Amino acid sequence: MERNFAKLLKALRLRAGYGLREFAEVVGEAPSNYVGRESGKLGPWQSQAKLQKIANALALRPGTEDWDAFFIAAGKNTTLPPDLESQLERKMIPVLLRTVARLSDEELLKVVDDLRKQKGLPQYESGGTD
């Protein structure tokens with residue numbers, strides 16, 4: 001799936017069967033502003049609510065590959081450590097992150113320790129760099 005937000009946005013809009021002006025109106029954008037998003041002259045919207053409105057208008061569903069691709073591409077300008085940035089390419093990483101987001105810190109520590117034990121890694125020490 002495309003990681004470039006502008007190209008992905010255009011492909012998803014076309015797949016959904018919207019014309020440019022029609023879609024701009026549906027999502028509450030001036031056509032000139034919307035064109036800036038699809039051309040890459042303007043970056044992705046930063047508002048989570050706006051991105052969700054657009055995802056809904058494109059008929060994207062949470063938990064699907066298209067949903068994940070859309071939100072990953074929209075957040076591409078965020079900074080992650082380089083070793084983690086490449087992990088976004090792995091299909092199950094967004095699923096994993098959404099799953100662990102529901103865990104308490106204590107539950108998460110247990111999951112991390114169990115996984116590290118299975119892989120023969122030392123237990124996680126709070127304050128470490130790992």
# chains A, B, ... in the order shown; residues from 1 in each chain; ligands from 1

$ closest_atom_pairs --of "stretch 31-106 of chain A" --to "stretch 13-24 of chain A" --cutoff "7 Å" --atoms "only C-alpha atoms" --output "CSV"
residue,atom,partner,partner_atom,distance
A:Pro31,CA,A:Ala24,CA,5.3
A:Tyr34,CA,A:Ala24,CA,5.9
A:Leu58,CA,A:Ala16,CA,5.9

$ write_last_selection --atoms "C-alpha atoms" --output "PDB file, in the first residue's frame"
ATOM      1  CA  PRO A  31     -11.511  22.610  -3.390  1.00  0.00           C
ATOM      2  CA  TYR A  34      -8.122  19.923  -0.930  1.00  0.00           C
ATOM      3  CA  LEU A  58     -13.720   7.100   1.957  1.00  0.00           C
TER       4      LEU A  58
END

$ select_by_dssp --residues "chain A" --states "alpha helix (DSSP H)" --output "number ranges by chain"
A: 5-16, 20-26, 31-39, 48-57, 65-74, 82-85, 93-100, 105-118

$ write_last_selection --atoms "C-alpha atoms" --output "compact mmCIF listing (two decimals), in the first residue's frame"
# COMPACT_ATOMS: atom_id res chain seq x y z
CA PHE A 5 -0.15 10.55 1.75
CA ALA A 6 -1.02 12.66 -1.32
CA LYS A 7 -0.93 9.68 -3.72
CA LEU A 8 -2.79 7.45 -1.30
CA LEU A 9 -5.48 10.07 -0.68
CA LYS A 10 -6.08 10.47 -4.42
CA ALA A 11 -6.17 6.71 -5.03
CA LEU A 12 -8.64 6.18 -2.18
CA ARG A 13 -10.86 9.05 -3.37
CA LEU A 14 -10.94 7.69 -6.92
CA ARG A 15 -11.64 4.17 -5.68
CA ALA A 16 -14.55 5.55 -3.63
CA LEU A 20 -12.35 16.12 -6.63
CA ARG A 21 -14.77 18.99 -6.00
CA GLU A 22 -17.48 16.64 -4.75
CA PHE A 23 -15.15 15.03 -2.23
CA ALA A 24 -13.80 18.38 -1.06
CA GLU A 25 -17.38 19.42 -0.31
CA VAL A 26 -18.16 16.13 1.47
CA PRO A 31 -11.51 22.61 -3.39
CA SER A 32 -8.31 24.66 -3.64
CA ASN A 33 -7.20 23.51 -0.18
CA TYR A 34 -8.12 19.92 -0.93
CA VAL A 35 -6.14 19.99 -4.19
CA GLY A 36 -3.13 21.09 -2.14
CA ARG A 37 -3.43 17.91 -0.05
CA GLU A 38 -3.68 15.62 -3.08
CA SER A 39 -0.85 17.36 -4.91
CA GLN A 48 -7.41 13.32 14.27
CA ALA A 49 -11.10 14.24 13.98
CA LYS A 50 -10.59 15.58 10.44
CA LEU A 51 -8.62 12.49 9.40
CA GLN A 52 -11.37 10.25 10.79
CA LYS A 53 -14.03 12.25 8.94
CA ILE A 54 -12.09 11.77 5.70
CA ALA A 55 -11.49 8.07 6.40
CA ASN A 56 -15.21 7.60 7.01
CA ALA A 57 -16.10 9.45 3.80
CA GLU A 65 -5.13 -2.48 5.84
CA ASP A 66 -6.48 0.62 4.07
CA TRP A 67 -7.34 2.31 7.39
CA ASP A 68 -3.87 1.59 8.75
CA ALA A 69 -2.17 2.76 5.54
CA PHE A 70 -4.16 6.02 5.58
CA PHE A 71 -3.31 6.88 9.19
CA ILE A 72 0.32 5.77 8.88
CA ALA A 73 0.77 7.92 5.77
CA ALA A 74 -0.97 10.87 7.48
CA PRO A 82 14.94 5.15 13.08
CA ASP A 83 14.86 1.56 14.35
CA LEU A 84 11.12 1.91 15.02
CA GLU A 85 10.23 3.83 11.85
CA ILE A 93 2.42 -3.42 14.12
CA PRO A 94 -0.64 -1.10 14.06
CA VAL A 95 -2.79 -4.01 15.30
CA LEU A 96 -0.32 -4.70 18.09
CA LEU A 97 -0.18 -1.04 19.12
CA ARG A 98 -3.95 -0.72 19.19
CA THR A 99 -4.16 -3.87 21.29
CA VAL A 100 -1.55 -2.89 23.87
CA ASP A 105 1.15 -0.41 32.55
CA GLU A 106 1.33 -3.48 34.79
CA GLU A 107 -0.28 -5.71 32.14
CA LEU A 108 1.99 -4.30 29.46
CA LEU A 109 5.11 -4.94 31.54
CA LYS A 110 4.01 -8.56 32.01
CA VAL A 111 3.50 -8.99 28.24
CA VAL A 112 6.91 -7.45 27.50
CA ASP A 113 8.64 -9.61 30.10
CA ASP A 114 6.90 -12.77 28.84
CA LEU A 115 7.91 -12.04 25.25
CA ARG A 116 11.48 -11.21 26.22
CA LYS A 117 11.67 -14.44 28.22
CA GLN A 118 10.45 -16.43 25.19

$ atom_distance --atom1 "atom CA of A:Lys91" --atom2 "atom CA of A:Lys41"
28.2 Å

$ atom_distance --atom1 "atom CA of A:Gln123" --atom2 "atom CA of A:Ser86"
23.9 Å

$ closest_residue --among "A:Ala101, A:Pro122, A:Gln87, A:Met92" --to "A:Gly63" --atoms "only C-alpha atoms"
A:Met92
